[in-house]
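Input: a single structure, listed below in structure tokens.
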Amino acid sequence: MNGFASFFQHLAASGIDLPYLYDSFDAARFWHGLLLTIELSVVTIAASTLIGIIGAWMQASRVAVARGIANVYVEMFRNTPPLVQIYFFYFGMSTLLPTVQNAYGQHLPLLGGFAWAALSLSLYAGSFSVEIFRSGIEAIPNATSEAAESLGFTRIKAYQHIILPLAIRICLPALTNNLVNLIKTTTLAYAIAVPELLYVSGQIWSDRGNVPEMMVTLLVIYLVLVGILVAFMRGLERALKKPGLGT
Amino acid sequence: MPRGDDQPTGWTPDQPIVHIQDLHKAFGEVEVLKGVSLDVAKGEVICIIGPSGSGKSTLIRCVNALTPFQSGTVTLMGIDVGDPNLDKLRLRKHVGMVFQQYNLFPHRTALQNVMMAPLYVLKRPKAEVEAQAYALLKKVRLEGREHAYPGEMSGGQQQRVAIARSLAMQPDVMLFDEVTAALDPETVKEVLVTIRELAQEGMTCLLVTHEMGFAREVANHIYFTDRGVIVEHGPPDQFFRNPSDPRTRAFLNQVL
Amino acid sequence: MSEGRILPVIHHVGAVLKARGLPVTRLRAWHALLPLWLILAGATAHAASDPEAPGVLSILLRWSPLLLRGFVFNIIISLLSMLLGTILGLWLGLALVSQHSAIRAPALAATEFFRNAPWLVLLFFVTFMLPFQVEIGHFTIPFPGWIKAVLGLALAIMANVAEIVRGAVQSIHPGQWEASEALGFTRSQQMWRIILPQCIKRMIPPWMNLYAIVTMSTTLASIIGVNEVVTLAGQVQAAEGGRTDLLAPIYGYVLLLFFIYSYPISVWTRRLERKYATR
């Protein structure tokens, strides 16, 4: 064992037990948990943003059915608890999907815990994103879209080249807030035994009894993850900034 | 010493009521006032004019200690405004300020706006404060509108309430920071009439303004600032008819 | 019936509610999708299940009283934690805008800390760090799980309310500070007589949005063992023989309960937002 690890082992003896820093087994599962949390965050951020863009587009559509679907989706997912949504998908819906057979002839569900968590959380966060993008789009004066139309832009092209770029700049702060919440919400995957950070920390503290240390570690790590996201979004804000435009 | 306590300062009415000497003010790296000196006698009305960014608003904000300054002397009725231990309440009992954006308290009626400061700051009895408030609102010709909220009034009406609110503290000097700049032309006149009456009653007034006609008519003395210094000053007749400095002439050509 | 005459005998329910300032939930065509969704889930379960077992809807009906009681428990937790969190948050928010950095800095640290922590982690934190019971003198005060849930949520709410207060105070036009300072008001007088009264209106919509999130978050208490509606849903399924095809309808039912409670509040919040924005 190298000097780094032995230092923390001594530290454990004197009361501060950080097993993920000296024990190879605990370290492995802890860092895998962290990786899984980051993976889950990235996937849900990307998917929910995409859903948000499409949903906002549908909400502004002239086709009533599209508007209806978007509105129902938003209202359903915003007014119901994300934990129960996860349970509904994982326990409820997975029984409806076909199973696959693995090499041993066992029937396994088509989608694992991670996939259901990612799907459920993306849909949940997506509903908030739709509202955020919608408010960004509504903040753009009608005159701008009329100008685009009179220049011959189709609705999709206007959305892509003019409306969306402006809307994103306007709603970036609210979007940052939403994505911060998303990172925090990935902890719900704990409930369906996805081995993300909180879950493996729980395993470690029930093995070793070092609850306070793991708690502090968790809080610090989430603080850092959120900090990284916020820094990234601020950088994005600065990169997108145009002179004279914005609050 | 209790807050706002008025100790004699040795000031007598024959001395300038506002004395500014070699005032320097910088915001970070940018120096906005580069050594400004001026004296105002009691009862005088002076107008400060000049292009934007010349430091006019900063200048009068230094007079009532809303903006701290780096060096120089500012005294008001003998009170040293630059004193780091300045009792601000004591200063503000003697000088009132009216702002370009009126800044009325939107959650209170006109009457309450005028009553709030003497009631809570000066702790004067309510009946007296209320009577004074009614009288002041009548004076600025807003009788009958005492119970209206600022959101229900026009800009000119709000500005007159703002003037009444400052007068409620019974100041000796009134500062006006471009008070008509945010108003529609129709309502500018009603505010200027109010200020003129105030001046005629003997109130010492320092006005930062763009209204040249008003300045010519009401002021005893005009000061022209440009880029942080006073370029030229004089009585209105001489100032407007025969400006000596070429910068003054250029500015007047632009605005008149 | 003469043309255009409205007999004032029976008032339209919507008009009465509106006159009293209560939210009016108009049924729209698409609202029908919701119960349809539940029925669909139930029907699918039924199709997949043993045709001789009792129907899903009758099962749900039978267990409704229990589930509803559990749901009321969730509401109570949400109200208590919101009350505690708001009171704490108001003071923390005032500390955030204090002029003294000795007060502001620790307040900022506390706010950032509790805002960036996942709520589930906070619940675990409170659960493990607080004892089962507290002994004061001769009295033993038990600390049941739901009180820990209330405390944990209150911490998160406190930090969010502090942010709301800070945002509201900073959104007040600086002219209000200038004018009141020029009139001689002290900092404390400015805060309590001029700034904060103007803040209240702006704080209400974000505060109500926060309550909506808190309501949803009461389900996290199920993970720390509180007997609220989600835990009960699991127990109902177990009581019915652990049929996996019952899970979709039961959780669907719980989703419906939350929807029925939360949607009118969200409509009301949006109405208030619009009302305060146009003033």
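Every chain in the structure tokens has a letter given in the order shown (A, B, ...), and although residue numbers restart at 1 in each chain, ligands are simply numbered from 1 in the order shown.
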Subject >> segment 94-225 of chain A: residues DSSP assigns to alpha helix (DSSP H), reported as an MDAnalysis selection string >> reply: chainID A and resid 113:138 142:150 155:158 164:185 197:208 211:225
Just-selected residues, C-alpha atoms written as a tab-separated table (two decimals), in the first residue's frame:
chain	number	residue	atom	x	y	z
A	113	GLY	CA	-32.41	0.15	-13.93
A	114	PHE	CA	-30.08	2.74	-15.40
A	115	ALA	CA	-32.05	2.94	-18.64
A	116	TRP	CA	-35.39	3.34	-16.86
A	117	ALA	CA	-33.94	5.95	-14.51
A	118	ALA	CA	-32.50	7.84	-17.46
A	119	LEU	CA	-35.78	7.66	-19.36
A	120	SER	CA	-37.93	8.68	-16.41
A	121	LEU	CA	-35.68	11.52	-15.28
A	122	SER	CA	-35.28	12.81	-18.83
A	123	LEU	CA	-39.04	12.97	-19.25
A	124	TYR	CA	-39.38	14.70	-15.85
A	125	ALA	CA	-36.68	17.29	-16.49
A	126	GLY	CA	-37.82	17.62	-20.08
A	127	SER	CA	-41.20	18.91	-18.94
A	128	PHE	CA	-39.52	21.74	-17.05
A	129	SER	CA	-37.25	22.43	-19.99
A	130	VAL	CA	-40.25	22.81	-22.26
A	131	GLU	CA	-41.65	25.52	-20.00
A	132	ILE	CA	-38.29	27.27	-19.81
A	133	PHE	CA	-37.76	27.26	-23.56
A	134	ARG	CA	-41.34	28.38	-24.08
A	135	SER	CA	-40.82	31.41	-21.87
A	136	GLY	CA	-37.63	32.14	-23.75
A	137	ILE	CA	-39.44	31.96	-27.06
A	138	GLU	CA	-42.31	34.10	-25.81
A	142	ASN	CA	-43.48	39.20	-32.50
A	143	ALA	CA	-41.77	41.72	-34.72
A	144	THR	CA	-38.74	39.46	-34.96
A	145	SER	CA	-40.67	36.41	-36.14
A	146	GLU	CA	-42.68	38.56	-38.53
A	147	ALA	CA	-39.47	39.91	-39.98
A	148	ALA	CA	-38.18	36.38	-40.44
A	149	GLU	CA	-41.39	35.31	-42.13
A	150	SER	CA	-41.41	38.26	-44.50
A	155	ARG	CA	-41.22	28.16	-39.69
A	156	ILE	CA	-38.61	25.47	-39.08
A	157	LYS	CA	-35.78	27.51	-40.55
A	158	ALA	CA	-36.82	30.59	-38.61
A	164	LEU	CA	-33.90	29.35	-30.93
A	165	PRO	CA	-30.52	31.17	-30.72
A	166	LEU	CA	-32.23	34.20	-29.19
A	167	ALA	CA	-34.42	32.13	-26.88
A	168	ILE	CA	-31.48	30.12	-25.54
A	169	ARG	CA	-29.59	33.25	-24.56
A	170	ILE	CA	-32.64	34.60	-22.74
A	171	CYS	CA	-33.45	31.48	-20.75
A	172	LEU	CA	-29.91	30.34	-19.95
A	173	PRO	CA	-30.09	31.28	-16.23
A	174	ALA	CA	-33.36	29.42	-15.71
A	175	LEU	CA	-31.98	26.49	-17.68
A	176	THR	CA	-28.89	26.39	-15.47
A	177	ASN	CA	-31.13	26.19	-12.42
A	178	ASN	CA	-33.08	23.34	-13.99
A	179	LEU	CA	-29.96	21.38	-14.84
A	180	VAL	CA	-28.58	21.84	-11.32
A	181	ASN	CA	-31.81	20.32	-10.02
A	182	LEU	CA	-31.42	17.48	-12.49
A	183	ILE	CA	-28.02	16.54	-11.11
A	184	LYS	CA	-29.52	16.49	-7.64
A	185	THR	CA	-32.49	14.43	-8.83
A	197	LEU	CA	-23.04	7.63	-5.94
A	198	LEU	CA	-25.62	7.75	-3.16
A	199	TYR	CA	-26.32	4.02	-3.44
A	200	VAL	CA	-22.70	2.93	-3.20
A	201	SER	CA	-22.11	5.42	-0.40
A	202	GLY	CA	-24.98	3.77	1.41
A	203	GLN	CA	-23.35	0.40	0.89
A	204	ILE	CA	-20.06	1.70	2.23
A	205	TRP	CA	-21.54	3.26	5.31
A	206	SER	CA	-23.59	0.21	6.14
A	207	ASP	CA	-20.44	-1.92	5.82
A	208	ARG	CA	-18.21	0.37	7.81
A	211	VAL	CA	-22.01	7.67	8.15
A	212	PRO	CA	-20.83	11.24	8.95
A	213	GLU	CA	-17.73	10.95	6.76
A	214	MET	CA	-19.69	9.57	3.82
A	215	MET	CA	-22.34	12.25	4.25
A	216	VAL	CA	-19.79	15.01	4.15
A	217	THR	CA	-18.08	13.37	1.18
A	218	LEU	CA	-21.39	13.19	-0.66
A	219	LEU	CA	-22.28	16.78	0.07
A	220	VAL	CA	-18.85	17.97	-1.04
A	221	ILE	CA	-18.93	15.94	-4.24
A	222	TYR	CA	-22.37	17.17	-5.22
A	223	LEU	CA	-21.28	20.72	-4.43
A	224	VAL	CA	-18.34	20.22	-6.78
A	225	LEU	CA	-20.43	18.62	-9.54
Subject >> chain C residues near chain B (6 Å cut-off, only C-alpha atoms) as a PyMOL selection string >> reply: chain C and resi 175-176+184-185
Residue subset to file, keeping C-alpha atoms, as a compact mmCIF listing (two decimals), in the first residue's frame:
# COMPACT_ATOMS: atom_id res chain seq x y z
CA GLY C 175 -33.94 54.43 -6.64
CA GLN C 176 -36.02 53.22 -3.69
CA GLY C 184 -32.77 60.00 6.37
CA PHE C 185 -34.11 56.46 6.90
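Note that the spacing between atom CA of Val65 of chain A and atom CA of Pro98 of chain A amounts to 29.8 Å.
When the distance limit is 9 Å and only C-alpha atoms are what count, the residues near Thr215 of chain C, minus those fewer than 5 positions from it on the same chain, are A:Pro81, C:Asn74, C:Ile75, C:Ile77, C:Ser78, C:Leu79, C:Leu210, C:Phe258, C:Ser262.
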Subject >> Residue contacts of Gly155 of chain B (12 Å, only C-alpha atoms) excluding same-chain residues fewer than 2 positions away, as an MDAnalysis selection string >> reply: chainID B and resid 100:104 150:153 157:162 179:191
Subject >> Which of segment 73-274 of chain C DSSP labels strand (DSSP E or B), written as a PyMOL selection string >> reply: chain C and resi 133-136+139-142
Original post:
Within 10 Å of Gly15 of chain A, counting only C-alpha atoms, which residues qualify if same-chain residues fewer than 3 places away don't, as a list in words?
Top reply: His10, Leu11, Ala12, Leu18, Asn210 and Glu213 of chain A
Output N, CA and C atoms for every residue in the selection just made, as a JSON list (two decimals), in the first residue's frame.
[["chain", "number", "residue", "atom", "x", "y", "z"],
["A", 10, "HIS", "N", -4.40, 5.43, 8.52],
["A", 10, "HIS", "CA", -4.10, 5.90, 9.87],
["A", 10, "HIS", "C", -5.16, 6.88, 10.33],
["A", 11, "LEU", "N", -5.59, 7.71, 9.39],
["A", 11, "LEU", "CA", -6.62, 8.69, 9.70],
["A", 11, "LEU", "C", -7.91, 7.98, 10.16],
["A", 12, "ALA", "N", -8.17, 6.83, 9.52],
["A", 12, "ALA", "CA", -9.36, 6.07, 9.88],
["A", 12, "ALA", "C", -9.29, 5.62, 11.33],
["A", 18, "LEU", "N", -12.25, 7.35, 5.58],
["A", 18, "LEU", "CA", -12.59, 7.57, 4.18],
["A", 18, "LEU", "C", -12.13, 6.35, 3.38],
["A", 210, "ASN", "N", -19.37, 4.39, 8.84],
["A", 210, "ASN", "CA", -18.81, 5.75, 8.86],
["A", 210, "ASN", "C", -19.77, 6.75, 8.20],
["A", 213, "GLU", "N", -18.76, 10.71, 7.78],
["A", 213, "GLU", "CA", -17.73, 10.95, 6.76],
["A", 213, "GLU", "C", -18.31, 10.81, 5.37]]
Distance-based interface of chain C with chain A, 9 Å, counting only C-alpha atoms, as a CSV table (one decimal) with C-alpha atoms, in the first residue's frame:
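After the write, selection-v9.csv holds the following:
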chain,number,residue,atom,x,y,z
C,30,TRP,CA,-57.7,17.0,-22.8
C,31,HIS,CA,-58.3,16.5,-19.1
C,33,LEU,CA,-56.9,12.0,-21.1
C,34,LEU,CA,-55.8,11.6,-17.5
C,41,ALA,CA,-52.8,1.2,-17.4
C,44,THR,CA,-53.3,-3.5,-19.6
C,45,ALA,CA,-52.6,-5.0,-16.2
C,48,ALA,CA,-51.9,-9.5,-18.6
C,112,GLU,CA,-25.1,27.4,-1.1
C,113,PHE,CA,-24.5,24.3,0.9
C,114,PHE,CA,-28.1,23.4,1.5
C,116,ASN,CA,-26.7,22.4,-3.8
C,117,ALA,CA,-27.3,19.3,-1.7
C,118,PRO,CA,-29.7,16.7,-3.2
C,119,TRP,CA,-32.8,16.5,-1.1
C,120,LEU,CA,-32.5,12.8,-0.6
C,121,VAL,CA,-29.0,13.2,0.8
C,122,LEU,CA,-30.3,15.8,3.2
C,124,PHE,CA,-30.4,10.6,4.9
C,125,PHE,CA,-28.2,13.2,6.7
C,128,PHE,CA,-28.7,9.3,10.6
C,129,MET,CA,-27.4,12.3,12.5
C,212,ALA,CA,-45.2,22.3,-5.5
C,213,ILE,CA,-41.7,20.8,-5.5
C,215,THR,CA,-45.2,18.3,-2.2
C,216,MET,CA,-43.5,16.0,-4.7
C,217,SER,CA,-40.5,15.6,-2.5
C,218,THR,CA,-42.5,14.2,0.4
C,219,THR,CA,-42.4,10.9,-1.4
C,220,LEU,CA,-38.7,10.7,-0.6
C,223,ILE,CA,-37.1,5.8,1.3
C,230,VAL,CA,-45.7,5.5,-1.6
C,244,THR,CA,-46.5,-7.4,-10.6
C,245,ASP,CA,-49.2,-6.4,-13.0
C,246,LEU,CA,-50.8,-4.4,-10.2
C,247,LEU,CA,-47.8,-2.1,-9.8
C,248,ALA,CA,-48.6,0.1,-12.8
C,249,PRO,CA,-52.2,0.8,-11.7
C,250,ILE,CA,-51.3,1.4,-8.1
C,251,TYR,CA,-48.5,3.8,-8.8
C,252,GLY,CA,-50.7,5.3,-11.5
C,254,VAL,CA,-50.7,7.6,-6.6
C,255,LEU,CA,-49.6,9.8,-9.5
C,256,LEU,CA,-53.3,10.7,-10.0
C,257,LEU,CA,-53.7,11.8,-6.4
C,258,PHE,CA,-50.7,14.1,-6.6
C,259,PHE,CA,-51.9,15.4,-9.9
C,260,ILE,CA,-55.3,16.3,-8.6
C,261,TYR,CA,-53.8,18.1,-5.6
C,262,SER,CA,-51.0,19.8,-7.5
C,263,TYR,CA,-52.5,20.9,-10.8
C,266,SER,CA,-50.0,25.3,-10.3
Original post:
What's the 10 Å shell around Met115 of chain B, counting only C-alpha atoms, without same-chain residues fewer than 5 positions away, as a ChimeraX atom specification?
Top reply: /B:109-110,120,124,126,128-134,164-165,168-169
**OP:** May I have the residues within 8 Å of Gly35 of chain B as a count of residues only, using only C-alpha atoms and disregarding those fewer than 2 positions away in the same chain?
**Re:** 9
**OP:** Measure the distance from atom CA of Pro243 of chain B to atom CA of Phe224 of chain B in Å and round it to one decimal.
**Re:** 10.2 Å
**OP:** Record the distance separating atom CA of Ile20 of chain B and atom CA of Thr75 of chain B, expressed in Å with one decimal.
**Re:** 6.6 Å
